[in-house]
Structures are given as C-alpha cells and as structure tokens.
Amino acid sequence: VSQATTDVMFPLSPGDIGVSRDGCVVGLHPIALSTAVALGRQCAAIDPWQRYGISASRLTSSFAAQGDGGFRYELTVDHVTAGALIILQPWLIGPYVQFIAVLPAFQRRGVGQVVLDWVEARARGGRQRNLWLCVTAFNDDARAFYAARGWKQAAVLPDLVADHVAELLMRKRLI
Ligand SMILES: CC(C)(COP(=O)(O)OP(=O)(O)OC[C@H]1O[C@@H](n2cnc3c(N)ncnc32)[C@H](O)[C@@H]1OP(=O)(O)O)[C@@H](O)C(=O)NCCC(=O)NCCS
C-alpha cells in the first residue's frame with residue numbers, strides 16, 4: 001500500500017463518522033494540546049489505565065506525540081470531548097488500534113461501536129487483511145465488547161505492561 005493510500009485510509013480530520021444509539025453525532029478530530037491535557041487526566045482516572053497507575057502526563061504525551069506512524073483523534077459526541085483513538089498504520093498486515101477510550105459518561109450508547117465500525121470500514125477500503133488491538137486480561141467489559149464484534153484472541157502476551165498481568169492480542173480478520 002502506498003503512503004498516499006495510507007493517508008487516505010486515516011485522514012487527519014475525519015469529522016462526523018456516525019450516530020450513537022441515542023441519536024448523538026459521533027466525530028473524530030485532531031487532538032489540540034489543551035484537549036490532550038484534559039484527556040490525559042480523564043483517562044488516567046479510569047481503568048485499565050488507573051489500575052496500571054499510568055499517569056495523566058504520560059497519557060497526554062501519547063495523545064500529543066508525532067512522527068511515529070500514529071493517527072491520533074479526539075472523539076466527540078455532539079461536539080463534546082468523549083474520548084480518544086490512536087491507530088498505528090502500517091502495523092501487521094493491517095492497522096493496530098493502539099488506544100481507544102470512551103469516557104464513562106458516554107459509554108454503552110453505541111459510541112465505541114461507531115468508532116470500531118469506522119476503523120474497520122477505512123481498513124477495508126484500504127484492502128487491509130487484519131485489524132489488531134491489545135486488551136488487558138482484567139478488562140472484562142472491553143473483552144466482552146470485542147468478542148461480540150468478531151475479534152478473536154490471537155496471542156497472550158504475559159507481563160507486557162506490568163508483571164503478573166497479561167495483555168491479549170486481539171485480531172479481527174477482514175479478508
Ligand atoms: C470498551 C469501550 C471502548 C466500549 O465503548 P462503548 O461506547 O461503551 O461501547 P458500545 O456502547 O458501542 O457497546 C457497549 C457494549 O460493550 C460491552 N460492554 C461495555 N461496557 C460493559 C459493561 N460495563 N458490562 C458489560 N458489557 C459491557 C457490551 O457488549 C455492550 O453492549 P450493550 O451496551 O449492547 O450491552 C468503552 O467502554 C471504554 O472506553 N472503556 C474504558 C476504557 C477501555 O477499556 N478501553 C479499551 C481498552 S482495550
């Protein structure tokens with residue numbers, strides 16, 4: 001896949017990408033620095049990042065980073081900050097969802113579904129064979145979410161982020 005095709009696969013500013021179950025507009029936008037700071041604080045306060053002890057400043061840095069092949073987005077619901085999405089592409093014969101968070105006030109309204117549907121549609125449009133992500137073994141809610149949407153466990157990665165905790169490498173085959 002050429003660089004040009006990759007750029008089109010994950011545009012810098014996708015804008016509106018769908019509608020939640022309760023009729024709110026879901027959007028993806030570039031992350032402003034002030035938003036990266038706010039999102040760092042909000043994500044550090046929820047699992048799995050809270051349980052791992054990952055700091056707000058470290059999360060902010062990952063939202064604000066540049067030049068590593070990451071596509072970084074602020075997620076909005078009716079134009080209010082509702083979470084974040086980071087995709088690495090190219091990764092392993094398909095993109096890697098490095099980070100996805102829907103903040104608690106916006107969960108279970110179909111927003112995560114809209115986001116994953118968008119990632120999948122973009123990857124399919126780019127004729128990618130796979131989607132990838134890691135989910136922490138203790139993150140039962142997220143595991144249920146992915147399992148119900150066709151993701152399969154591809155590998156167990158023991159002690160990846162911290163001792164005695166496994167990450168599960170999840171794959172969704174597109175072809
Ligand atoms: C996992 C996450 C991305 C899902 O996003 P979402 O917008 O809440 O998901 P949706 O509303 O589209 O789908 C919700 C589905 O996920 C599963 N799910 C989510 N939260 C759940 C919970 N507390 N208990 C059981 N199932 C849950 C269910 O299958 C649920 O479907 P239902 O609402 O029809 O029962 C979001 O909850 C989140 O960001 N959680 C915190 C951070 C995190 O764990 N990120 C993933 C790291 S790999």
# chains A, B, ... in the order shown; residues from 1 in each chain; ligands from 1
$ residues_near_ligand --ligand "ligand 1" --cutoff "8 Å" --atoms "only C-alpha atoms and all ligand atoms" --output "PyMOL selection string"
chain A and resi 21+43+46-49+83+99-104+106-114+133-136+139-146+148
$ residues_around --residues "Val165 (chain A)" --least-positions-apart "5" --cutoff "9 Å" --atoms "only C-alpha atoms" --output "list in words"
Thr136, Ala137, Phe138, Leu157, Pro158, Asp159 and Leu160 of chain A
$ write_last_selection --atoms "all heavy atoms" --output "PDB file, in the first residue's frame"
ATOM      1  N   THR A 136      -6.341  -5.679  28.070  1.00  0.00           N
ATOM      2  CA  THR A 136      -5.808  -6.226  29.311  1.00  0.00           C
ATOM      3  C   THR A 136      -6.699  -7.365  29.799  1.00  0.00           C
ATOM      4  O   THR A 136      -7.928  -7.263  29.733  1.00  0.00           O
ATOM      5  CB  THR A 136      -5.734  -5.111  30.375  1.00  0.00           C
ATOM      6  OG1 THR A 136      -5.084  -3.980  29.797  1.00  0.00           O
ATOM      7  CG2 THR A 136      -4.954  -5.569  31.582  1.00  0.00           C
ATOM      8  N   ALA A 137      -6.072  -8.423  30.289  1.00  0.00           N
ATOM      9  CA  ALA A 137      -6.840  -9.609  30.681  1.00  0.00           C
ATOM     10  C   ALA A 137      -7.927  -9.279  31.701  1.00  0.00           C
ATOM     11  O   ALA A 137      -9.005  -9.870  31.674  1.00  0.00           O
ATOM     12  CB  ALA A 137      -5.892 -10.680  31.222  1.00  0.00           C
ATOM     13  N   PHE A 138      -7.674  -8.311  32.603  1.00  0.00           N
ATOM     14  CA  PHE A 138      -8.682  -7.997  33.635  1.00  0.00           C
ATOM     15  C   PHE A 138      -9.806  -7.087  33.125  1.00  0.00           C
ATOM     16  O   PHE A 138     -10.759  -6.816  33.855  1.00  0.00           O
ATOM     17  CB  PHE A 138      -8.032  -7.403  34.900  1.00  0.00           C
ATOM     18  CG  PHE A 138      -7.302  -6.093  34.740  1.00  0.00           C
ATOM     19  CD1 PHE A 138      -7.963  -4.920  34.382  1.00  0.00           C
ATOM     20  CD2 PHE A 138      -5.931  -6.029  34.983  1.00  0.00           C
ATOM     21  CE1 PHE A 138      -7.295  -3.715  34.273  1.00  0.00           C
ATOM     22  CE2 PHE A 138      -5.242  -4.816  34.872  1.00  0.00           C
ATOM     23  CZ  PHE A 138      -5.933  -3.656  34.503  1.00  0.00           C
ATOM     24  N   LEU A 157       0.086 -12.172  25.800  1.00  0.00           N
ATOM     25  CA  LEU A 157       1.379 -11.508  25.990  1.00  0.00           C
ATOM     26  C   LEU A 157       1.579 -11.271  27.488  1.00  0.00           C
ATOM     27  O   LEU A 157       1.161 -10.236  28.022  1.00  0.00           O
ATOM     28  CB  LEU A 157       1.410 -10.184  25.218  1.00  0.00           C
ATOM     29  CG  LEU A 157       1.034 -10.273  23.730  1.00  0.00           C
ATOM     30  CD1 LEU A 157       0.941  -8.883  23.109  1.00  0.00           C
ATOM     31  CD2 LEU A 157       2.042 -11.129  22.965  1.00  0.00           C
ATOM     32  N   PRO A 158       2.203 -12.249  28.189  1.00  0.00           N
ATOM     33  CA  PRO A 158       2.326 -12.126  29.644  1.00  0.00           C
ATOM     34  C   PRO A 158       3.242 -10.962  30.024  1.00  0.00           C
ATOM     35  O   PRO A 158       4.226 -10.696  29.330  1.00  0.00           O
ATOM     36  CB  PRO A 158       2.967 -13.456  30.057  1.00  0.00           C
ATOM     37  CG  PRO A 158       2.970 -14.330  28.852  1.00  0.00           C
ATOM     38  CD  PRO A 158       2.848 -13.446  27.662  1.00  0.00           C
ATOM     39  N   ASP A 159       2.894 -10.266  31.111  1.00  0.00           N
ATOM     40  CA  ASP A 159       3.788  -9.259  31.712  1.00  0.00           C
ATOM     41  C   ASP A 159       4.157  -8.134  30.748  1.00  0.00           C
ATOM     42  O   ASP A 159       5.201  -7.505  30.902  1.00  0.00           O
ATOM     43  CB  ASP A 159       5.088  -9.922  32.220  1.00  0.00           C
ATOM     44  CG  ASP A 159       4.813 -11.108  33.118  1.00  0.00           C
ATOM     45  OD1 ASP A 159       3.841 -11.052  33.896  1.00  0.00           O
ATOM     46  OD2 ASP A 159       5.558 -12.109  33.030  1.00  0.00           O
ATOM     47  N   LEU A 160       3.316  -7.861  29.740  1.00  0.00           N
ATOM     48  CA  LEU A 160       3.709  -6.862  28.734  1.00  0.00           C
ATOM     49  C   LEU A 160       3.786  -5.463  29.341  1.00  0.00           C
ATOM     50  O   LEU A 160       4.770  -4.754  29.148  1.00  0.00           O
ATOM     51  CB  LEU A 160       2.715  -6.859  27.562  1.00  0.00           C
ATOM     52  CG  LEU A 160       3.115  -5.925  26.414  1.00  0.00           C
ATOM     53  CD1 LEU A 160       4.310  -6.462  25.651  1.00  0.00           C
ATOM     54  CD2 LEU A 160       1.950  -5.683  25.462  1.00  0.00           C
TER      55      LEU A 160
END
$ select_by_dssp --residues "region 9-150 of chain A" --states "helix (DSSP H, G or I)" --output "PDB file with N, CA and C atoms, in the first residue's frame"
ATOM      1  N   MET A   9      -6.515   6.420   4.073  1.00  0.00           N
ATOM      2  CA  MET A   9      -7.171   5.453   4.959  1.00  0.00           C
ATOM      3  C   MET A   9      -7.563   6.106   6.284  1.00  0.00           C
ATOM      4  N   LEU A  33      -3.609  20.545  21.871  1.00  0.00           N
ATOM      5  CA  LEU A  33      -2.791  20.302  23.059  1.00  0.00           C
ATOM      6  C   LEU A  33      -3.624  20.410  24.347  1.00  0.00           C
ATOM      7  N   SER A  34      -4.497  21.388  24.410  1.00  0.00           N
ATOM      8  CA  SER A  34      -5.323  21.544  25.616  1.00  0.00           C
ATOM      9  C   SER A  34      -6.236  20.330  25.813  1.00  0.00           C
ATOM     10  N   THR A  35      -6.696  19.768  24.705  1.00  0.00           N
ATOM     11  CA  THR A  35      -7.538  18.565  24.779  1.00  0.00           C
ATOM     12  C   THR A  35      -6.711  17.361  25.212  1.00  0.00           C
ATOM     13  N   ALA A  36      -5.453  17.288  24.730  1.00  0.00           N
ATOM     14  CA  ALA A  36      -4.574  16.182  25.140  1.00  0.00           C
ATOM     15  C   ALA A  36      -4.361  16.208  26.648  1.00  0.00           C
ATOM     16  N   VAL A  37      -4.238  17.388  27.214  1.00  0.00           N
ATOM     17  CA  VAL A  37      -4.058  17.522  28.666  1.00  0.00           C
ATOM     18  C   VAL A  37      -5.320  17.047  29.393  1.00  0.00           C
ATOM     19  N   ALA A  38      -6.481  17.514  28.944  1.00  0.00           N
ATOM     20  CA  ALA A  38      -7.745  17.126  29.595  1.00  0.00           C
ATOM     21  C   ALA A  38      -7.985  15.623  29.459  1.00  0.00           C
ATOM     22  N   LEU A  39      -7.744  15.087  28.266  1.00  0.00           N
ATOM     23  CA  LEU A  39      -7.968  13.648  28.042  1.00  0.00           C
ATOM     24  C   LEU A  39      -6.993  12.809  28.864  1.00  0.00           C
ATOM     25  N   GLY A  40      -5.754  13.293  29.022  1.00  0.00           N
ATOM     26  CA  GLY A  40      -4.769  12.574  29.842  1.00  0.00           C
ATOM     27  C   GLY A  40      -5.289  12.424  31.263  1.00  0.00           C
ATOM     28  N   ARG A  41      -5.814  13.511  31.799  1.00  0.00           N
ATOM     29  CA  ARG A  41      -6.337  13.491  33.167  1.00  0.00           C
ATOM     30  C   ARG A  41      -7.559  12.560  33.251  1.00  0.00           C
ATOM     31  N   GLN A  42      -8.460  12.662  32.274  1.00  0.00           N
ATOM     32  CA  GLN A  42      -9.699  11.869  32.332  1.00  0.00           C
ATOM     33  C   GLN A  42      -9.421  10.372  32.152  1.00  0.00           C
ATOM     34  N   CYS A  43      -8.496  10.035  31.246  1.00  0.00           N
ATOM     35  CA  CYS A  43      -8.222   8.607  31.003  1.00  0.00           C
ATOM     36  C   CYS A  43      -7.411   7.990  32.148  1.00  0.00           C
ATOM     37  N   ALA A  44      -6.536   8.786  32.774  1.00  0.00           N
ATOM     38  CA  ALA A  44      -5.758   8.254  33.903  1.00  0.00           C
ATOM     39  C   ALA A  44      -6.670   7.876  35.064  1.00  0.00           C
ATOM     40  N   TRP A  49      -6.215   2.114  32.721  1.00  0.00           N
ATOM     41  CA  TRP A  49      -5.018   2.951  32.968  1.00  0.00           C
ATOM     42  C   TRP A  49      -4.867   3.276  34.441  1.00  0.00           C
ATOM     43  N   GLN A  50      -5.992   3.501  35.155  1.00  0.00           N
ATOM     44  CA  GLN A  50      -5.897   3.791  36.587  1.00  0.00           C
ATOM     45  C   GLN A  50      -5.293   2.597  37.325  1.00  0.00           C
ATOM     46  N   ARG A  51      -5.794   1.389  37.001  1.00  0.00           N
ATOM     47  CA  ARG A  51      -5.318   0.200  37.710  1.00  0.00           C
ATOM     48  C   ARG A  51      -3.842  -0.055  37.418  1.00  0.00           C
ATOM     49  N   TYR A  52      -3.400   0.311  36.229  1.00  0.00           N
ATOM     50  CA  TYR A  52      -1.979   0.192  35.877  1.00  0.00           C
ATOM     51  C   TYR A  52      -1.142   1.315  36.486  1.00  0.00           C
ATOM     52  N   ALA A  56      -1.432  10.787  34.175  1.00  0.00           N
ATOM     53  CA  ALA A  56      -2.090  11.699  33.238  1.00  0.00           C
ATOM     54  C   ALA A  56      -1.065  12.280  32.260  1.00  0.00           C
ATOM     55  N   SER A  57       0.120  12.621  32.757  1.00  0.00           N
ATOM     56  CA  SER A  57       1.097  13.266  31.862  1.00  0.00           C
ATOM     57  C   SER A  57       1.606  12.278  30.813  1.00  0.00           C
ATOM     58  N   ARG A  58       1.739  11.012  31.191  1.00  0.00           N
ATOM     59  CA  ARG A  58       2.180  10.028  30.195  1.00  0.00           C
ATOM     60  C   ARG A  58       1.115   9.835  29.117  1.00  0.00           C
ATOM     61  N   LEU A  59      -0.139   9.803  29.538  1.00  0.00           N
ATOM     62  CA  LEU A  59      -1.217   9.674  28.549  1.00  0.00           C
ATOM     63  C   LEU A  59      -1.277  10.918  27.671  1.00  0.00           C
ATOM     64  N   THR A  60      -1.152  12.094  28.277  1.00  0.00           N
ATOM     65  CA  THR A  60      -1.142  13.334  27.490  1.00  0.00           C
ATOM     66  C   THR A  60      -0.031  13.288  26.440  1.00  0.00           C
ATOM     67  N   SER A  61       1.160  12.815  26.847  1.00  0.00           N
ATOM     68  CA  SER A  61       2.277  12.723  25.892  1.00  0.00           C
ATOM     69  C   SER A  61       1.937  11.794  24.734  1.00  0.00           C
ATOM     70  N   SER A  62       1.262  10.696  25.037  1.00  0.00           N
ATOM     71  CA  SER A  62       0.939   9.761  23.947  1.00  0.00           C
ATOM     72  C   SER A  62      -0.124  10.364  23.019  1.00  0.00           C
ATOM     73  N   PHE A  63      -1.002  11.230  23.546  1.00  0.00           N
ATOM     74  CA  PHE A  63      -2.000  11.880  22.676  1.00  0.00           C
ATOM     75  C   PHE A  63      -1.362  12.968  21.816  1.00  0.00           C
ATOM     76  N   ALA A  64      -0.286  13.568  22.324  1.00  0.00           N
ATOM     77  CA  ALA A  64       0.315  14.715  21.643  1.00  0.00           C
ATOM     78  C   ALA A  64       1.507  14.312  20.777  1.00  0.00           C
ATOM     79  N   PRO A 104     -16.555   7.573  30.640  1.00  0.00           N
ATOM     80  CA  PRO A 104     -17.695   6.907  31.281  1.00  0.00           C
ATOM     81  C   PRO A 104     -19.067   7.507  30.958  1.00  0.00           C
ATOM     82  N   ALA A 105     -19.178   8.830  30.899  1.00  0.00           N
ATOM     83  CA  ALA A 105     -20.494   9.450  30.648  1.00  0.00           C
ATOM     84  C   ALA A 105     -21.044   9.095  29.268  1.00  0.00           C
ATOM     85  N   PHE A 106     -20.163   8.603  28.396  1.00  0.00           N
ATOM     86  CA  PHE A 106     -20.575   8.345  27.009  1.00  0.00           C
ATOM     87  C   PHE A 106     -20.594   6.854  26.668  1.00  0.00           C
ATOM     88  N   VAL A 111     -21.249   4.317  21.079  1.00  0.00           N
ATOM     89  CA  VAL A 111     -20.188   5.171  20.531  1.00  0.00           C
ATOM     90  C   VAL A 111     -18.966   4.328  20.137  1.00  0.00           C
ATOM     91  N   GLY A 112     -18.573   3.410  21.032  1.00  0.00           N
ATOM     92  CA  GLY A 112     -17.435   2.535  20.715  1.00  0.00           C
ATOM     93  C   GLY A 112     -17.696   1.748  19.435  1.00  0.00           C
ATOM     94  N   GLN A 113     -18.933   1.314  19.295  1.00  0.00           N
ATOM     95  CA  GLN A 113     -19.324   0.585  18.080  1.00  0.00           C
ATOM     96  C   GLN A 113     -19.133   1.447  16.826  1.00  0.00           C
ATOM     97  N   VAL A 114     -19.570   2.687  16.881  1.00  0.00           N
ATOM     98  CA  VAL A 114     -19.418   3.590  15.731  1.00  0.00           C
ATOM     99  C   VAL A 114     -17.932   3.760  15.390  1.00  0.00           C
ATOM    100  N   VAL A 115     -17.107   3.903  16.428  1.00  0.00           N
ATOM    101  CA  VAL A 115     -15.668   4.124  16.207  1.00  0.00           C
ATOM    102  C   VAL A 115     -15.037   2.899  15.555  1.00  0.00           C
ATOM    103  N   LEU A 116     -15.328   1.703  16.110  1.00  0.00           N
ATOM    104  CA  LEU A 116     -14.724   0.493  15.529  1.00  0.00           C
ATOM    105  C   LEU A 116     -15.255   0.237  14.116  1.00  0.00           C
ATOM    106  N   ASP A 117     -16.532   0.530  13.890  1.00  0.00           N
ATOM    107  CA  ASP A 117     -17.084   0.370  12.531  1.00  0.00           C
ATOM    108  C   ASP A 117     -16.343   1.270  11.543  1.00  0.00           C
ATOM    109  N   TRP A 118     -16.036   2.483  11.991  1.00  0.00           N
ATOM    110  CA  TRP A 118     -15.315   3.429  11.121  1.00  0.00           C
ATOM    111  C   TRP A 118     -13.900   2.911  10.821  1.00  0.00           C
ATOM    112  N   VAL A 119     -13.196   2.469  11.867  1.00  0.00           N
ATOM    113  CA  VAL A 119     -11.830   1.952  11.664  1.00  0.00           C
ATOM    114  C   VAL A 119     -11.873   0.779  10.680  1.00  0.00           C
ATOM    115  N   GLU A 120     -12.842  -0.106  10.908  1.00  0.00           N
ATOM    116  CA  GLU A 120     -12.949  -1.294  10.053  1.00  0.00           C
ATOM    117  C   GLU A 120     -13.260  -0.907   8.607  1.00  0.00           C
ATOM    118  N   ALA A 121     -14.182   0.028   8.433  1.00  0.00           N
ATOM    119  CA  ALA A 121     -14.544   0.433   7.070  1.00  0.00           C
ATOM    120  C   ALA A 121     -13.359   1.085   6.358  1.00  0.00           C
ATOM    121  N   ARG A 122     -12.606   1.908   7.099  1.00  0.00           N
ATOM    122  CA  ARG A 122     -11.435   2.552   6.492  1.00  0.00           C
ATOM    123  C   ARG A 122     -10.400   1.499   6.100  1.00  0.00           C
ATOM    124  N   ALA A 123     -10.179   0.529   6.997  1.00  0.00           N
ATOM    125  CA  ALA A 123      -9.194  -0.515   6.705  1.00  0.00           C
ATOM    126  C   ALA A 123      -9.641  -1.376   5.521  1.00  0.00           C
ATOM    127  N   ARG A 124     -10.919  -1.712   5.485  1.00  0.00           N
ATOM    128  CA  ARG A 124     -11.426  -2.490   4.352  1.00  0.00           C
ATOM    129  C   ARG A 124     -11.263  -1.707   3.051  1.00  0.00           C
ATOM    130  N   GLY A 125     -11.540  -0.395   3.117  1.00  0.00           N
ATOM    131  CA  GLY A 125     -11.359   0.453   1.939  1.00  0.00           C
ATOM    132  C   GLY A 125      -9.915   0.451   1.457  1.00  0.00           C
ATOM    133  N   ASP A 140     -12.717  -7.013  31.673  1.00  0.00           N
ATOM    134  CA  ASP A 140     -13.792  -7.903  31.231  1.00  0.00           C
ATOM    135  C   ASP A 140     -14.802  -7.205  30.316  1.00  0.00           C
ATOM    136  N   ASP A 141     -15.127  -5.936  30.630  1.00  0.00           N
ATOM    137  CA  ASP A 141     -16.122  -5.225  29.810  1.00  0.00           C
ATOM    138  C   ASP A 141     -15.636  -5.065  28.377  1.00  0.00           C
ATOM    139  N   ALA A 142     -14.392  -4.625  28.233  1.00  0.00           N
ATOM    140  CA  ALA A 142     -13.849  -4.422  26.888  1.00  0.00           C
ATOM    141  C   ALA A 142     -13.729  -5.765  26.162  1.00  0.00           C
ATOM    142  N   ARG A 143     -13.344  -6.829  26.895  1.00  0.00           N
ATOM    143  CA  ARG A 143     -13.236  -8.144  26.249  1.00  0.00           C
ATOM    144  C   ARG A 143     -14.587  -8.601  25.713  1.00  0.00           C
ATOM    145  N   ALA A 144     -15.646  -8.353  26.499  1.00  0.00           N
ATOM    146  CA  ALA A 144     -16.996  -8.712  26.035  1.00  0.00           C
ATOM    147  C   ALA A 144     -17.365  -7.896  24.799  1.00  0.00           C
ATOM    148  N   PHE A 145     -17.000  -6.638  24.830  1.00  0.00           N
ATOM    149  CA  PHE A 145     -17.283  -5.731  23.713  1.00  0.00           C
ATOM    150  C   PHE A 145     -16.630  -6.247  22.421  1.00  0.00           C
ATOM    151  N   TYR A 146     -15.339  -6.617  22.498  1.00  0.00           N
ATOM    152  CA  TYR A 146     -14.644  -7.080  21.289  1.00  0.00           C
ATOM    153  C   TYR A 146     -15.141  -8.463  20.854  1.00  0.00           C
ATOM    154  N   ALA A 147     -15.354  -9.350  21.827  1.00  0.00           N
ATOM    155  CA  ALA A 147     -15.776 -10.714  21.486  1.00  0.00           C
ATOM    156  C   ALA A 147     -17.101 -10.695  20.730  1.00  0.00           C
TER     157      ALA A 147
END
$ select_by_dssp --residues "region 23-117 of chain A" --states "strand (DSSP E)" --output "list in words"
Val25, Val26, Gly27, Leu28, His29, Gly70, Phe71, Arg72, Tyr73, Glu74, Leu75, Thr76, Val77, Val80, Thr81, Ala82, Gly83, Ala84, Leu85, Ile86, Ile87, Leu88, Tyr96, Val97, Gln98, Phe99, Ile100, Ala101 and Val102 of chain A
$ write_last_selection --atoms "N, CA and C atoms" --output "PDB file, in the first residue's frame"
ATOM      1  N   VAL A  25     -24.350  12.849  17.495  1.00  0.00           N
ATOM      2  CA  VAL A  25     -23.358  12.808  16.418  1.00  0.00           C
ATOM      3  C   VAL A  25     -21.995  12.444  16.989  1.00  0.00           C
ATOM      4  N   VAL A  26     -21.369  11.411  16.414  1.00  0.00           N
ATOM      5  CA  VAL A  26     -20.043  10.961  16.832  1.00  0.00           C
ATOM      6  C   VAL A  26     -19.026  11.511  15.835  1.00  0.00           C
ATOM      7  N   GLY A  27     -17.961  12.159  16.359  1.00  0.00           N
ATOM      8  CA  GLY A  27     -16.957  12.755  15.478  1.00  0.00           C
ATOM      9  C   GLY A  27     -15.543  12.392  15.891  1.00  0.00           C
ATOM     10  N   LEU A  28     -14.627  12.495  14.935  1.00  0.00           N
ATOM     11  CA  LEU A  28     -13.194  12.316  15.188  1.00  0.00           C
ATOM     12  C   LEU A  28     -12.470  13.540  14.641  1.00  0.00           C
ATOM     13  N   HIS A  29     -11.550  14.080  15.471  1.00  0.00           N
ATOM     14  CA  HIS A  29     -10.873  15.338  15.129  1.00  0.00           C
ATOM     15  C   HIS A  29      -9.424  15.273  15.591  1.00  0.00           C
ATOM     16  N   GLY A  70       1.478   7.165  14.030  1.00  0.00           N
ATOM     17  CA  GLY A  70       0.194   7.113  14.723  1.00  0.00           C
ATOM     18  C   GLY A  70      -0.789   8.139  14.178  1.00  0.00           C
ATOM     19  N   PHE A  71      -2.043   7.719  14.094  1.00  0.00           N
ATOM     20  CA  PHE A  71      -3.136   8.630  13.737  1.00  0.00           C
ATOM     21  C   PHE A  71      -3.932   8.849  15.021  1.00  0.00           C
ATOM     22  N   ARG A  72      -3.946  10.097  15.503  1.00  0.00           N
ATOM     23  CA  ARG A  72      -4.482  10.406  16.834  1.00  0.00           C
ATOM     24  C   ARG A  72      -5.723  11.274  16.703  1.00  0.00           C
ATOM     25  N   TYR A  73      -6.770  10.874  17.422  1.00  0.00           N
ATOM     26  CA  TYR A  73      -8.037  11.587  17.294  1.00  0.00           C
ATOM     27  C   TYR A  73      -8.670  11.855  18.652  1.00  0.00           C
ATOM     28  N   GLU A  74      -9.251  13.038  18.754  1.00  0.00           N
ATOM     29  CA  GLU A  74     -10.214  13.320  19.815  1.00  0.00           C
ATOM     30  C   GLU A  74     -11.556  12.769  19.345  1.00  0.00           C
ATOM     31  N   LEU A  75     -12.210  12.030  20.228  1.00  0.00           N
ATOM     32  CA  LEU A  75     -13.544  11.512  19.933  1.00  0.00           C
ATOM     33  C   LEU A  75     -14.561  12.475  20.534  1.00  0.00           C
ATOM     34  N   THR A  76     -15.554  12.867  19.763  1.00  0.00           N
ATOM     35  CA  THR A  76     -16.582  13.771  20.295  1.00  0.00           C
ATOM     36  C   THR A  76     -17.968  13.146  20.131  1.00  0.00           C
ATOM     37  N   VAL A  77     -18.850  13.515  21.055  1.00  0.00           N
ATOM     38  CA  VAL A  77     -20.268  13.151  20.976  1.00  0.00           C
ATOM     39  C   VAL A  77     -21.048  14.460  21.057  1.00  0.00           C
ATOM     40  N   VAL A  80     -18.833  17.394  21.983  1.00  0.00           N
ATOM     41  CA  VAL A  80     -18.207  17.450  23.306  1.00  0.00           C
ATOM     42  C   VAL A  80     -17.166  16.332  23.381  1.00  0.00           C
ATOM     43  N   THR A  81     -16.007  16.619  23.979  1.00  0.00           N
ATOM     44  CA  THR A  81     -14.954  15.607  24.101  1.00  0.00           C
ATOM     45  C   THR A  81     -15.476  14.373  24.834  1.00  0.00           C
ATOM     46  N   ALA A  82     -15.322  13.205  24.200  1.00  0.00           N
ATOM     47  CA  ALA A  82     -15.901  11.978  24.751  1.00  0.00           C
ATOM     48  C   ALA A  82     -14.897  10.836  24.816  1.00  0.00           C
ATOM     49  N   GLY A  83     -13.643  11.077  24.363  1.00  0.00           N
ATOM     50  CA  GLY A  83     -12.666  10.002  24.401  1.00  0.00           C
ATOM     51  C   GLY A  83     -11.569  10.235  23.397  1.00  0.00           C
ATOM     52  N   ALA A  84     -10.802   9.177  23.130  1.00  0.00           N
ATOM     53  CA  ALA A  84      -9.653   9.286  22.236  1.00  0.00           C
ATOM     54  C   ALA A  84      -9.453   7.985  21.474  1.00  0.00           C
ATOM     55  N   LEU A  85      -8.774   8.122  20.341  1.00  0.00           N
ATOM     56  CA  LEU A  85      -8.474   6.968  19.481  1.00  0.00           C
ATOM     57  C   LEU A  85      -7.087   7.182  18.881  1.00  0.00           C
ATOM     58  N   ILE A  86      -6.234   6.161  18.979  1.00  0.00           N
ATOM     59  CA  ILE A  86      -4.925   6.196  18.309  1.00  0.00           C
ATOM     60  C   ILE A  86      -4.789   4.920  17.483  1.00  0.00           C
ATOM     61  N   ILE A  87      -4.446   5.093  16.213  1.00  0.00           N
ATOM     62  CA  ILE A  87      -4.264   3.957  15.303  1.00  0.00           C
ATOM     63  C   ILE A  87      -2.849   4.007  14.740  1.00  0.00           C
ATOM     64  N   LEU A  88      -2.167   2.863  14.756  1.00  0.00           N
ATOM     65  CA  LEU A  88      -0.874   2.748  14.079  1.00  0.00           C
ATOM     66  C   LEU A  88      -1.101   2.040  12.749  1.00  0.00           C
ATOM     67  N   TYR A  96      -3.200  -1.262  13.718  1.00  0.00           N
ATOM     68  CA  TYR A  96      -3.247  -1.605  15.142  1.00  0.00           C
ATOM     69  C   TYR A  96      -3.937  -0.465  15.890  1.00  0.00           C
ATOM     70  N   VAL A  97      -5.041  -0.787  16.564  1.00  0.00           N
ATOM     71  CA  VAL A  97      -5.722   0.202  17.402  1.00  0.00           C
ATOM     72  C   VAL A  97      -4.939   0.266  18.708  1.00  0.00           C
ATOM     73  N   GLN A  98      -4.093   1.277  18.822  1.00  0.00           N
ATOM     74  CA  GLN A  98      -3.187   1.347  19.975  1.00  0.00           C
ATOM     75  C   GLN A  98      -3.918   1.852  21.220  1.00  0.00           C
ATOM     76  N   PHE A  99      -4.938   2.674  21.007  1.00  0.00           N
ATOM     77  CA  PHE A  99      -5.634   3.259  22.154  1.00  0.00           C
ATOM     78  C   PHE A  99      -7.073   3.551  21.755  1.00  0.00           C
ATOM     79  N   ILE A 100      -8.019   3.099  22.587  1.00  0.00           N
ATOM     80  CA  ILE A 100      -9.420   3.510  22.395  1.00  0.00           C
ATOM     81  C   ILE A 100     -10.028   3.719  23.772  1.00  0.00           C
ATOM     82  N   ALA A 101     -10.607   4.875  23.968  1.00  0.00           N
ATOM     83  CA  ALA A 101     -11.314   5.162  25.221  1.00  0.00           C
ATOM     84  C   ALA A 101     -12.557   5.968  24.919  1.00  0.00           C
ATOM     85  N   VAL A 102     -13.666   5.483  25.453  1.00  0.00           N
ATOM     86  CA  VAL A 102     -14.913   6.250  25.503  1.00  0.00           C
ATOM     87  C   VAL A 102     -15.089   6.611  26.984  1.00  0.00           C
TER      88      VAL A 102
END
$ atom_distance --atom1 "CA of Phe10 (chain A)" --atom2 "CA of Ile175 (chain A)"
19.1 Å
$ closest_residue --among "A:Asp78, A:Gln89, A:His164, A:Cys24" --to "Asn130 (chain A)" --atoms "only C-alpha atoms"
A:Gln89
$ atom_distance --atom1 "CA of Arg173 (chain A)" --atom2 "CA of Leu131 (chain A)"
6.5 Å
$ closest_residue --among "A:Val161, A:Val8, A:Ala166, A:Leu174" --to "Gly94 (chain A)" --atoms "only C-alpha atoms"
A:Leu174
